[in-house]
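What follows is the content of query.txt (compact mmCIF, C-alpha atoms and all ligand atoms).
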```
# COMPACT_ATOMS: atom_id res chain seq x y z
CA MET A 27 32.36 -0.65 -61.11
CA SER A 28 29.10 1.18 -60.99
CA LYS A 29 29.36 4.90 -61.55
CA PHE A 30 27.28 5.46 -58.45
CA LYS A 31 28.64 5.45 -54.94
CA SER A 32 27.20 2.74 -52.77
CA ILE A 33 25.63 3.15 -49.32
CA ASP A 34 24.87 0.35 -46.85
CA ILE A 35 22.18 0.92 -44.22
CA ILE A 36 22.77 -1.20 -41.12
CA VAL A 37 19.78 -1.74 -38.86
CA PRO A 38 20.24 -3.66 -35.57
CA CYS A 39 16.94 -5.27 -34.56
CA PHE A 40 15.97 -7.03 -31.37
CA ASN A 41 12.32 -8.06 -31.12
CA GLU A 42 11.23 -5.42 -33.62
CA GLU A 43 8.49 -7.38 -35.44
CA ALA A 44 6.01 -4.57 -34.82
CA VAL A 45 7.99 -1.83 -36.50
CA ILE A 46 10.45 -3.28 -38.99
CA GLU A 47 8.15 -3.13 -42.03
CA THR A 48 7.08 0.44 -41.26
CA PHE A 49 10.73 1.32 -40.84
CA HIS A 50 11.57 -0.17 -44.21
CA LYS A 51 8.71 1.63 -45.94
CA GLU A 52 9.59 4.98 -44.38
CA THR A 53 13.28 4.67 -45.20
CA GLN A 54 12.55 3.46 -48.72
CA ARG A 55 10.29 6.52 -49.25
CA VAL A 56 13.24 8.79 -48.41
CA ILE A 57 16.00 7.03 -50.33
CA LYS A 58 14.08 6.52 -53.54
CA ASN A 59 14.33 10.28 -54.02
CA ILE A 60 18.11 10.20 -53.67
CA SER A 61 19.74 9.70 -57.03
CA ASP A 62 23.40 8.99 -57.79
CA TYR A 63 23.73 6.38 -55.03
CA THR A 64 22.94 2.70 -54.78
CA PHE A 65 21.55 1.54 -51.46
CA GLN A 66 21.70 -1.79 -49.68
CA TYR A 67 20.04 -2.68 -46.39
CA ILE A 68 21.76 -4.92 -43.86
CA TYR A 69 19.25 -5.92 -41.21
CA VAL A 70 20.84 -7.55 -38.19
CA ASP A 71 18.57 -9.78 -36.14
CA ASP A 72 20.13 -9.79 -32.69
CA GLY A 73 18.62 -13.08 -31.50
CA SER A 74 15.02 -11.88 -31.50
CA ARG A 75 12.41 -14.12 -29.94
CA ASP A 76 9.56 -12.85 -32.10
CA GLN A 77 8.89 -12.81 -35.86
CA THR A 78 11.72 -10.35 -36.63
CA LEU A 79 13.79 -12.86 -38.59
CA GLU A 80 10.79 -14.10 -40.61
CA ILE A 81 9.99 -10.52 -41.60
CA MET A 82 13.62 -9.96 -42.57
CA LYS A 83 13.58 -13.08 -44.72
CA GLN A 84 10.43 -11.88 -46.49
CA LEU A 85 12.04 -8.50 -47.08
CA GLY A 86 15.16 -10.24 -48.33
CA ASN A 87 13.14 -12.19 -50.87
CA SER A 88 11.35 -9.08 -52.06
CA ALA A 89 14.42 -7.20 -53.27
CA GLU A 90 17.99 -7.85 -54.27
CA ASN A 91 19.40 -5.10 -52.08
CA ILE A 92 17.95 -6.31 -48.78
CA LYS A 93 20.32 -8.46 -46.73
CA TYR A 94 20.00 -9.86 -43.26
CA LEU A 95 22.27 -11.37 -40.64
CA SER A 96 20.80 -13.33 -37.77
CA PHE A 97 22.57 -14.24 -34.54
CA SER A 98 22.34 -17.49 -32.61
CA ARG A 99 21.21 -15.52 -29.54
CA ASN A 100 20.95 -11.95 -28.25
CA PHE A 101 24.45 -10.47 -28.26
CA GLY A 102 23.48 -6.82 -27.75
CA LYS A 103 23.26 -3.84 -30.04
CA GLU A 104 27.02 -3.25 -29.99
CA SER A 105 27.62 -6.70 -31.47
CA ALA A 106 24.84 -6.19 -34.00
CA MET A 107 26.40 -2.94 -35.20
CA TYR A 108 29.81 -4.62 -35.44
CA ALA A 109 28.44 -7.52 -37.48
CA GLY A 110 26.72 -5.10 -39.83
CA LEU A 111 29.90 -3.10 -40.34
CA LYS A 112 31.92 -6.26 -40.83
CA HIS A 113 29.64 -7.34 -43.67
CA SER A 114 29.32 -3.95 -45.30
CA THR A 115 31.17 -3.33 -48.53
CA ALA A 116 29.80 0.08 -49.53
CA ASP A 117 31.60 3.39 -49.89
CA TYR A 118 29.48 4.89 -47.13
CA VAL A 119 27.74 3.15 -44.25
CA ILE A 120 24.72 4.37 -42.31
CA ILE A 121 23.76 2.89 -38.93
CA MET A 122 20.25 3.50 -37.65
CA ASP A 123 17.71 2.09 -35.19
CA ALA A 124 14.73 0.12 -36.40
CA ASP A 125 12.22 1.89 -34.16
CA LEU A 126 11.99 5.08 -36.27
CA GLN A 127 13.48 7.16 -33.46
CA HIS A 128 16.19 8.00 -35.97
CA PRO A 129 14.30 9.97 -38.63
CA PRO A 130 15.06 8.64 -42.12
CA SER A 131 14.43 12.18 -43.40
CA MET A 132 17.93 13.08 -42.13
CA ILE A 133 19.63 10.71 -44.58
CA PRO A 134 19.94 13.21 -47.47
CA ILE A 135 21.44 15.85 -45.15
CA MET A 136 23.92 13.33 -43.77
CA ILE A 137 24.99 12.28 -47.25
CA GLN A 138 25.40 15.95 -48.17
CA GLU A 139 27.71 16.56 -45.19
CA ILE A 140 29.93 13.60 -45.99
CA GLU A 141 30.14 14.77 -49.60
CA ASN A 142 31.16 18.18 -48.23
CA GLY A 143 34.27 16.53 -46.85
CA TYR A 144 33.38 15.26 -43.39
CA ASP A 145 34.47 11.71 -42.53
CA CYS A 146 31.30 11.05 -40.55
CA CYS A 147 28.06 12.78 -39.89
CA ALA A 148 26.08 11.83 -36.80
CA ALA A 149 22.85 12.81 -35.12
CA ARG A 150 22.60 14.46 -31.74
CA ARG A 151 19.37 14.80 -29.79
CA SER A 152 18.72 18.44 -29.00
CA THR A 153 15.64 17.67 -26.87
CA ARG A 154 14.75 14.90 -24.50
CA THR A 155 10.97 14.77 -24.86
CA GLY A 156 9.52 11.58 -23.50
CA GLU A 157 12.53 10.81 -21.36
CA SER A 158 12.08 10.82 -17.61
CA ARG A 159 13.65 13.65 -15.60
CA LEU A 160 15.62 11.12 -13.59
CA ARG A 161 17.09 9.48 -16.70
CA SER A 162 18.07 12.87 -18.15
CA PHE A 163 19.64 13.87 -14.83
CA PHE A 164 21.79 10.75 -14.61
CA SER A 165 22.64 10.94 -18.26
CA ASP A 166 23.94 14.53 -17.77
CA ILE A 167 26.02 13.40 -14.80
CA PHE A 168 27.46 10.54 -16.84
CA TYR A 169 28.62 12.85 -19.61
CA LYS A 170 30.08 15.34 -17.11
CA ILE A 171 32.03 12.62 -15.24
CA ASN A 172 33.17 10.94 -18.43
CA ASN A 173 34.32 14.07 -20.19
CA HIS A 174 36.15 15.24 -17.08
CA PHE A 175 38.09 12.04 -16.50
CA SER A 176 38.16 10.06 -19.71
CA ASP A 177 40.52 10.50 -22.63
CA VAL A 178 37.68 10.23 -25.11
CA GLU A 179 35.22 13.08 -25.30
CA LEU A 180 31.58 12.03 -25.61
CA VAL A 181 28.97 14.36 -27.06
CA ASN A 182 25.93 14.73 -24.81
CA GLY A 183 22.84 13.50 -26.63
CA ALA A 184 24.82 11.72 -29.34
CA VAL A 185 22.92 8.71 -30.67
CA ASP A 186 24.09 5.80 -32.80
CA TYR A 187 22.63 7.29 -35.97
CA ARG A 188 25.42 8.15 -38.35
CA ILE A 189 26.96 7.89 -41.77
CA MET A 190 30.63 6.99 -42.10
CA SER A 191 33.12 6.85 -44.93
CA ARG A 192 34.74 3.53 -45.78
CA GLN A 193 37.94 4.75 -44.14
CA VAL A 194 36.12 5.35 -40.85
CA VAL A 195 34.34 1.99 -41.01
CA ASN A 196 37.66 0.24 -41.47
CA ALA A 197 39.07 2.13 -38.50
CA VAL A 198 36.10 1.08 -36.34
CA LEU A 199 36.63 -2.54 -37.38
CA GLU A 200 40.29 -2.31 -36.36
CA LEU A 201 39.12 -1.98 -32.77
CA CYS A 202 38.13 -5.57 -32.29
CA GLU A 203 37.53 -5.62 -28.53
CA VAL A 204 34.79 -8.00 -27.48
CA GLN A 205 33.27 -5.64 -24.95
CA ARG A 206 32.41 -2.82 -27.25
CA PHE A 207 31.40 0.71 -26.39
CA SER A 208 30.67 2.30 -29.74
CA LYS A 209 30.20 5.86 -28.50
CA GLY A 210 33.77 5.69 -27.19
CA ILE A 211 35.10 3.89 -30.26
CA PHE A 212 33.63 6.49 -32.64
CA SER A 213 35.29 9.22 -30.61
CA TRP A 214 38.59 7.40 -30.08
CA ILE A 215 39.30 6.79 -33.77
CA GLY A 216 39.29 10.54 -34.43
CA PHE A 217 38.28 11.92 -37.88
CA GLU A 218 36.03 14.90 -38.55
CA THR A 219 32.46 14.41 -37.42
CA LYS A 220 29.63 16.77 -38.28
CA TRP A 221 26.95 16.71 -35.59
CA ILE A 222 23.39 17.37 -36.65
CA PRO A 223 20.89 18.19 -33.88
CA TYR A 224 17.39 16.81 -34.14
CA GLU A 225 14.25 16.77 -32.02
CA ASN A 226 13.92 13.59 -30.00
CA VAL A 227 11.26 11.29 -31.38
CA GLU A 228 9.38 9.08 -28.97
CA ARG A 229 9.19 5.39 -29.78
CA LYS A 230 5.70 4.82 -31.19
CA ILE A 231 5.74 1.08 -31.67
CA GLY A 232 7.41 -1.57 -29.54
CA THR A 233 9.29 -0.83 -26.34
CA THR A 234 12.77 0.30 -25.41
CA LYS A 235 15.20 -2.48 -24.55
CA TRP A 236 16.90 -0.39 -21.88
CA SER A 237 16.17 -0.58 -18.18
CA PHE A 238 17.68 1.77 -15.65
CA LYS A 239 19.94 -1.03 -14.47
CA SER A 240 21.24 -1.78 -17.94
CA LEU A 241 21.90 1.94 -18.50
CA LEU A 242 23.91 2.15 -15.30
CA LYS A 243 25.92 -0.88 -16.34
CA TYR A 244 26.45 0.70 -19.74
CA ALA A 245 27.71 3.94 -18.13
CA ILE A 246 30.22 2.14 -15.87
CA HIS A 247 31.31 0.00 -18.81
CA GLY A 248 31.70 3.11 -20.96
CA ILE A 249 33.97 4.91 -18.54
CA SER A 250 36.10 1.89 -17.66
CA SER A 251 36.53 0.91 -21.32
CA PHE A 252 38.26 4.10 -22.31
CA SER A 253 39.87 5.48 -19.18
CA THR A 254 42.04 4.37 -16.31
CA ALA A 255 41.13 7.49 -14.32
CA PRO A 256 39.10 5.46 -11.76
CA LEU A 257 42.26 3.49 -10.96
CA ARG A 258 44.16 6.70 -10.35
CA PHE A 259 41.23 7.83 -8.22
CA VAL A 260 41.73 4.75 -6.01
CA SER A 261 45.41 5.48 -5.40
CA GLY A 262 44.63 9.18 -4.95
CA MET A 263 42.10 8.31 -2.26
CA GLY A 264 44.70 6.09 -0.58
CA PHE A 265 47.26 8.88 -0.49
CA LEU A 266 44.74 11.38 0.82
CA ILE A 267 43.51 9.11 3.63
CA SER A 268 47.08 8.13 4.61
CA PHE A 269 48.03 11.80 4.72
CA PHE A 270 45.18 12.72 7.08
CA ALA A 271 45.79 9.60 9.15
CA PHE A 272 49.43 10.60 9.53
CA ILE A 273 48.53 14.10 10.70
CA TYR A 274 45.98 12.61 13.08
CA ILE A 275 48.62 10.27 14.55
CA ILE A 276 51.10 13.12 15.08
CA LEU A 277 48.44 15.28 16.74
CA THR A 278 47.32 12.40 18.97
CA LEU A 279 50.92 11.67 19.98
CA ILE A 280 51.54 15.30 20.88
CA LYS A 281 48.28 15.42 22.80
CA THR A 282 49.18 12.22 24.67
CA PHE A 283 52.54 13.65 25.69
CA ILE A 284 50.89 16.78 27.00
CA THR A 285 47.65 15.58 28.61
CA GLY A 286 48.27 11.81 28.93
CA ILE A 287 46.19 8.95 27.51
CA ASP A 288 42.45 9.35 27.53
CA VAL A 289 39.92 6.64 26.72
CA PRO A 290 39.37 6.64 22.96
CA GLY A 291 35.85 7.24 21.73
CA TYR A 292 33.85 4.25 20.59
CA VAL A 293 32.06 6.29 17.91
CA THR A 294 35.31 7.66 16.46
CA THR A 295 36.80 4.19 16.14
CA LEU A 296 33.67 2.72 14.61
CA SER A 297 33.31 5.57 12.09
CA ALA A 298 36.93 5.23 11.04
CA VAL A 299 36.61 1.47 10.54
CA LEU A 300 33.36 1.73 8.60
CA PHE A 301 34.57 4.64 6.49
CA LEU A 302 37.79 2.89 5.57
CA GLY A 303 35.92 -0.37 4.99
CA GLY A 304 33.68 1.45 2.53
CA ILE A 305 36.62 3.03 0.72
CA ILE A 306 38.36 -0.34 0.46
CA GLU A 307 35.24 -2.04 -0.89
CA ILE A 308 34.82 0.67 -3.50
CA SER A 309 38.47 0.36 -4.48
CA ILE A 310 38.21 -3.39 -4.86
CA GLY A 311 35.09 -2.87 -6.93
CA ILE A 312 36.90 -0.47 -9.24
CA LEU A 313 39.83 -2.87 -9.58
CA GLY A 314 37.36 -5.68 -10.21
CA GLU A 315 35.76 -3.72 -13.05
CA TYR A 316 39.10 -3.65 -14.86
CA ILE A 317 39.97 -7.25 -14.05
CA GLY A 318 36.57 -8.15 -15.47
CA HIS A 319 37.48 -6.39 -18.70
CA ILE A 320 40.82 -8.22 -18.88
CA PHE A 321 39.09 -11.53 -18.16
CA MET A 322 36.48 -11.07 -20.87
CA GLU A 323 38.96 -9.82 -23.45
CA SER A 324 41.51 -12.53 -22.68
CA LYS A 325 39.03 -15.24 -23.60
CA ASN A 326 39.07 -13.76 -27.07
CA ARG A 327 35.57 -14.97 -27.88
CA PRO A 328 33.79 -13.95 -31.07
CA ILE A 329 31.75 -10.76 -30.87
CA TYR A 330 28.71 -12.52 -32.35
CA ILE A 331 27.75 -15.89 -33.76
CA LEU A 332 25.83 -16.02 -37.03
CA LYS A 333 23.02 -18.47 -37.56
CA HIS A 334 21.24 -17.30 -40.74
CA THR A 335 22.11 -14.87 -43.49
CA ASN A 336 21.37 -14.24 -47.15
CA ILE A 337 24.77 -12.64 -47.68
CA GLN A 338 27.28 -14.66 -49.63
CA LEU A 339 29.91 -14.85 -46.92
CA ASP A 340 32.95 -15.35 -49.15
CA GLN A 341 32.05 -12.18 -51.05
CA THR A 342 32.19 -10.00 -47.99
CA ARG A 343 35.33 -8.20 -46.96
CA GLY A 344 35.36 -9.86 -43.58
CA ILE A 345 35.09 -13.54 -42.90
CA GLN A 346 32.39 -14.50 -40.46
CA ASN A 347 33.49 -14.11 -36.85
CA GLU A 348 37.08 -13.66 -37.93
CA LYS A 349 38.96 -11.44 -35.55
CA ASN A 350 41.78 -9.37 -36.88
CA HIS A 351 44.26 -9.45 -34.04
CA HIS A 352 47.62 -8.02 -34.91
N1 LIG B 401 18.81 -3.52 -30.17
C1 LIG B 401 19.58 -4.62 -30.52
N2 LIG B 401 19.97 -5.50 -29.54
C2 LIG B 401 19.65 -5.32 -28.22
C3 LIG B 401 18.89 -4.16 -27.88
C4 LIG B 401 18.49 -3.30 -28.87
O1 LIG B 401 19.90 -4.81 -31.69
O2 LIG B 401 20.03 -6.14 -27.40
C5 LIG B 401 18.37 -2.57 -31.23
C6 LIG B 401 16.87 -2.27 -31.23
O3 LIG B 401 16.16 -3.23 -31.97
C7 LIG B 401 16.82 -0.89 -31.85
C8 LIG B 401 18.11 -0.26 -31.37
O4 LIG B 401 18.98 -1.33 -30.99
O5 LIG B 401 16.83 -0.94 -33.28
C9 LIG B 401 17.90 0.69 -30.20
O6 LIG B 401 17.22 0.00 -29.15
P1 LIG B 401 16.13 0.70 -28.25
O7 LIG B 401 15.16 1.44 -29.09
O8 LIG B 401 15.58 -0.35 -27.35
O9 LIG B 401 17.00 1.72 -27.40
P2 LIG B 401 16.70 3.27 -27.09
O10 LIG B 401 16.24 3.91 -28.37
O11 LIG B 401 15.67 3.27 -26.04
O12 LIG B 401 18.03 3.80 -26.64
MG MG B 402 14.79 3.37 -29.51
```
What do you get writing this file as structure tokens?
Ligand code: UDP
Ligand code: MG
Amino acid sequence: MSKFKSIDIIVPCFNEEAVIETFHKETQRVIKNISDYTFQYIYVDDGSRDQTLEIMKQLGNSAENIKYLSFSRNFGKESAMYAGLKHSTADYVIIMDADLQHPPSMIPIMIQEIENGYDCCAARRSTRTGESRLRSFFSDIFYKINNHFSDVELVNGAVDYRIMSRQVVNAVLELCEVQRFSKGIFSWIGFETKWIPYENVERKIGTTKWSFKSLLKYAIHGISSFSTAPLRFVSGMGFLISFFAFIYIILTLIKTFITGIDVPGYVTTLSAVLFLGGIIEISIGILGEYIGHIFMESKNRPIYILKHTNIQLDQTRGIQNEKNHH
């Protein structure tokens, strides 16, 4: 046993050839001033189509403490983070983006907080410079809706830049769902998290992998992964509409008894049909969202598939692609 505590730095990378070396240099500059800890990098190549893996291999050959995992295709950042965690063995684990939007200069502060007794320490954007008004607007709405309905509270502006104790990492790995929503998982497992605000940094090199469509999908996925409130909303809607329909029927009956039958309005009928049709479609959609989750989870597929790595697999705590179902 080394007398130093160990820290793994997990970096998910998808088509990051332009920035990965700068990232490594910048991070290395920060951590070489941190004594009393040993660091190891775990770069995760999430099926990049550029030179990302080649650069990782070069880095891996240049130092003992640089590891990489490479997927057979693009599985998404959630899978990349999971793979990194699965192969980490350190006392503390840091997850950060490769694009330098997560300032390496925060690492010493994060380590300090976890030494102060927090289980995790995570970064939270205090500003949104460089983000479009529209994206900020929808993002605010997402957090409001989620925190109102869902059982897991999400912190507005929270990013996937954090340090976690071994205990927390093990808890995260216990949640072995295939369709992962890390922001929810980090909140669901509990523990004490210290949030550190930082100024948003715009991506200088490379481009974001998120389109508006993928963000919307992510938001719907996030809510439906951790809450059944939308399902209750469907039945609530049903009760509400039935209630008003019932009152309407009673009133119409009374009116018919008093004034006799009049010719029903075409517009009224059409509006009712279309309105109800819309409500039913939405309800089916919401149900479908959950059935989709059940379908994907029931296949019990691996979260990622490894193609290359310089990690000795039998020395890691987890076996490749093994899923710990209980
Ligand atoms: N990423 C990944 N797989 C993907 C998409 C992104 O591993 O399918 C990585 C990416 O290389 C980066 C991090 O996740 O290190 C954040 O991605 P990005 O900068 O595109 O997202 P944003 O910062 O815009 O939220
Ligand atoms: Mg980014």
* **Surroundings of ligand MG 402 (chain B) up to 9 Å, based on only C-alpha atoms and all ligand atoms, as a VMD selection string** => chain A and resid 123 to 128 227 to 229 232 to 236
* Taking all atoms listed in the file into account, which residues are within 10 Å of ligand LIG 401 (chain B), as an MDAnalysis selection string? -> chainID A and resid 36:43 45:46 49 69:74 78 99:107 121:128 157 185:187 227:229 231:237 241
* To do: Can you pull out every residue within 8 Å of Ile120 (chain A), counting only C-alpha atoms, but drop anything in the same chain fewer than 3 positions away, and send it as a PyMOL selection string?
  => chain A and resi 33-36+187-190
* Do you have the CA of Thr48 (chain A)-CA of Lys112 (chain A) distance handy? ->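 If I compute the distance from CA of Thr48 (chain A) to CA of Lys112 (chain A), I get 25.7 Å.
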Six-sided padding of 3 Å per side, axis-aligned box over region 241-246 of chain A, centre and edges in Å, one decimal, as AutoDock Vina command-line options:
```
--center_x 26.1 --center_y 1.5 --center_z -17.5 --size_x 14.3 --size_y 10.8 --size_z 10.4
```
Since fewer atoms than expected are present, regenerate all heavy atoms for region 254-265 of chain A and write them as a CSV table (one decimal), keeping the file's coordinate frame.
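After the write, selection.csv holds the following:
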```csv
chain,number,residue,atom,x,y,z
A,254,THR,N,41.5,5.0,-17.5
A,254,THR,CA,42.0,4.4,-16.3
A,254,THR,C,42.0,5.4,-15.1
A,254,THR,O,42.5,5.1,-14.1
A,254,THR,CB,43.5,3.9,-16.5
A,254,THR,OG1,44.3,4.9,-17.0
A,254,THR,CG2,43.6,2.7,-17.4
A,255,ALA,N,41.2,6.5,-15.4
A,255,ALA,CA,41.1,7.5,-14.3
A,255,ALA,C,40.6,6.9,-13.0
A,255,ALA,O,41.1,7.3,-11.9
A,255,ALA,CB,40.3,8.6,-14.8
A,256,PRO,N,39.6,6.0,-13.0
A,256,PRO,CA,39.1,5.5,-11.8
A,256,PRO,C,40.2,4.8,-11.0
A,256,PRO,O,40.2,4.8,-9.7
A,256,PRO,CB,38.0,4.5,-12.2
A,256,PRO,CG,37.5,5.0,-13.5
A,256,PRO,CD,38.7,5.6,-14.2
A,257,LEU,N,41.2,4.1,-11.7
A,257,LEU,CA,42.3,3.5,-11.0
A,257,LEU,C,43.1,4.5,-10.3
A,257,LEU,O,43.6,4.3,-9.1
A,257,LEU,CB,43.1,2.7,-11.9
A,257,LEU,CG,42.4,1.4,-12.5
A,257,LEU,CD1,43.3,0.8,-13.6
A,257,LEU,CD2,42.1,0.4,-11.4
A,258,ARG,N,43.4,5.6,-11.0
A,258,ARG,CA,44.2,6.7,-10.4
A,258,ARG,C,43.4,7.3,-9.2
A,258,ARG,O,44.0,7.7,-8.2
A,258,ARG,CB,44.5,7.8,-11.4
A,258,ARG,CG,45.6,7.4,-12.3
A,258,ARG,CD,46.2,8.6,-13.0
A,258,ARG,NE,45.1,9.2,-13.9
A,258,ARG,CZ,44.8,8.8,-15.1
A,258,ARG,NH1,45.4,7.8,-15.6
A,258,ARG,NH2,43.9,9.4,-15.8
A,259,PHE,N,42.1,7.3,-9.3
A,259,PHE,CA,41.2,7.8,-8.2
A,259,PHE,C,41.4,7.0,-7.0
A,259,PHE,O,41.5,7.5,-5.9
A,259,PHE,CB,39.8,7.8,-8.7
A,259,PHE,CG,38.8,8.1,-7.6
A,259,PHE,CD1,38.6,9.4,-7.1
A,259,PHE,CD2,38.1,7.1,-7.0
A,259,PHE,CE1,37.7,9.7,-6.1
A,259,PHE,CE2,37.2,7.3,-6.0
A,259,PHE,CZ,36.9,8.6,-5.5
A,260,VAL,N,41.5,5.7,-7.1
A,260,VAL,CA,41.7,4.8,-6.0
A,260,VAL,C,43.0,5.1,-5.3
A,260,VAL,O,43.1,5.3,-4.1
A,260,VAL,CB,41.7,3.3,-6.5
A,260,VAL,CG1,42.2,2.4,-5.4
A,260,VAL,CG2,40.4,2.9,-6.9
A,261,SER,N,44.1,5.2,-6.1
A,261,SER,CA,45.4,5.5,-5.4
A,261,SER,C,45.4,6.9,-4.8
A,261,SER,O,46.0,7.1,-3.7
A,261,SER,CB,46.6,5.3,-6.3
A,261,SER,OG,46.3,5.7,-7.6
A,262,GLY,N,44.7,7.8,-5.5
A,262,GLY,CA,44.6,9.2,-5.0
A,262,GLY,C,43.9,9.2,-3.6
A,262,GLY,O,44.4,9.8,-2.6
A,263,MET,N,42.8,8.5,-3.5
A,263,MET,CA,42.1,8.3,-2.3
A,263,MET,C,43.0,7.8,-1.2
A,263,MET,O,43.0,8.2,0.0
A,263,MET,CB,41.0,7.3,-2.5
A,263,MET,CG,39.6,7.8,-2.6
A,263,MET,SD,39.1,9.3,-1.9
A,263,MET,CE,37.7,8.9,-1.1
A,264,GLY,N,43.8,6.7,-1.5
A,264,GLY,CA,44.7,6.1,-0.6
A,264,GLY,C,45.7,7.1,0.0
A,264,GLY,O,45.9,7.2,1.2
A,265,PHE,N,46.3,7.9,-0.9
A,265,PHE,CA,47.3,8.9,-0.5
A,265,PHE,C,46.6,9.9,0.4
A,265,PHE,O,47.2,10.2,1.5
A,265,PHE,CB,47.9,9.6,-1.7
A,265,PHE,CG,49.0,8.9,-2.3
A,265,PHE,CD1,49.0,8.4,-3.6
A,265,PHE,CD2,50.2,8.7,-1.6
A,265,PHE,CE1,50.0,7.7,-4.2
A,265,PHE,CE2,51.3,8.0,-2.1
A,265,PHE,CZ,51.2,7.5,-3.4
```
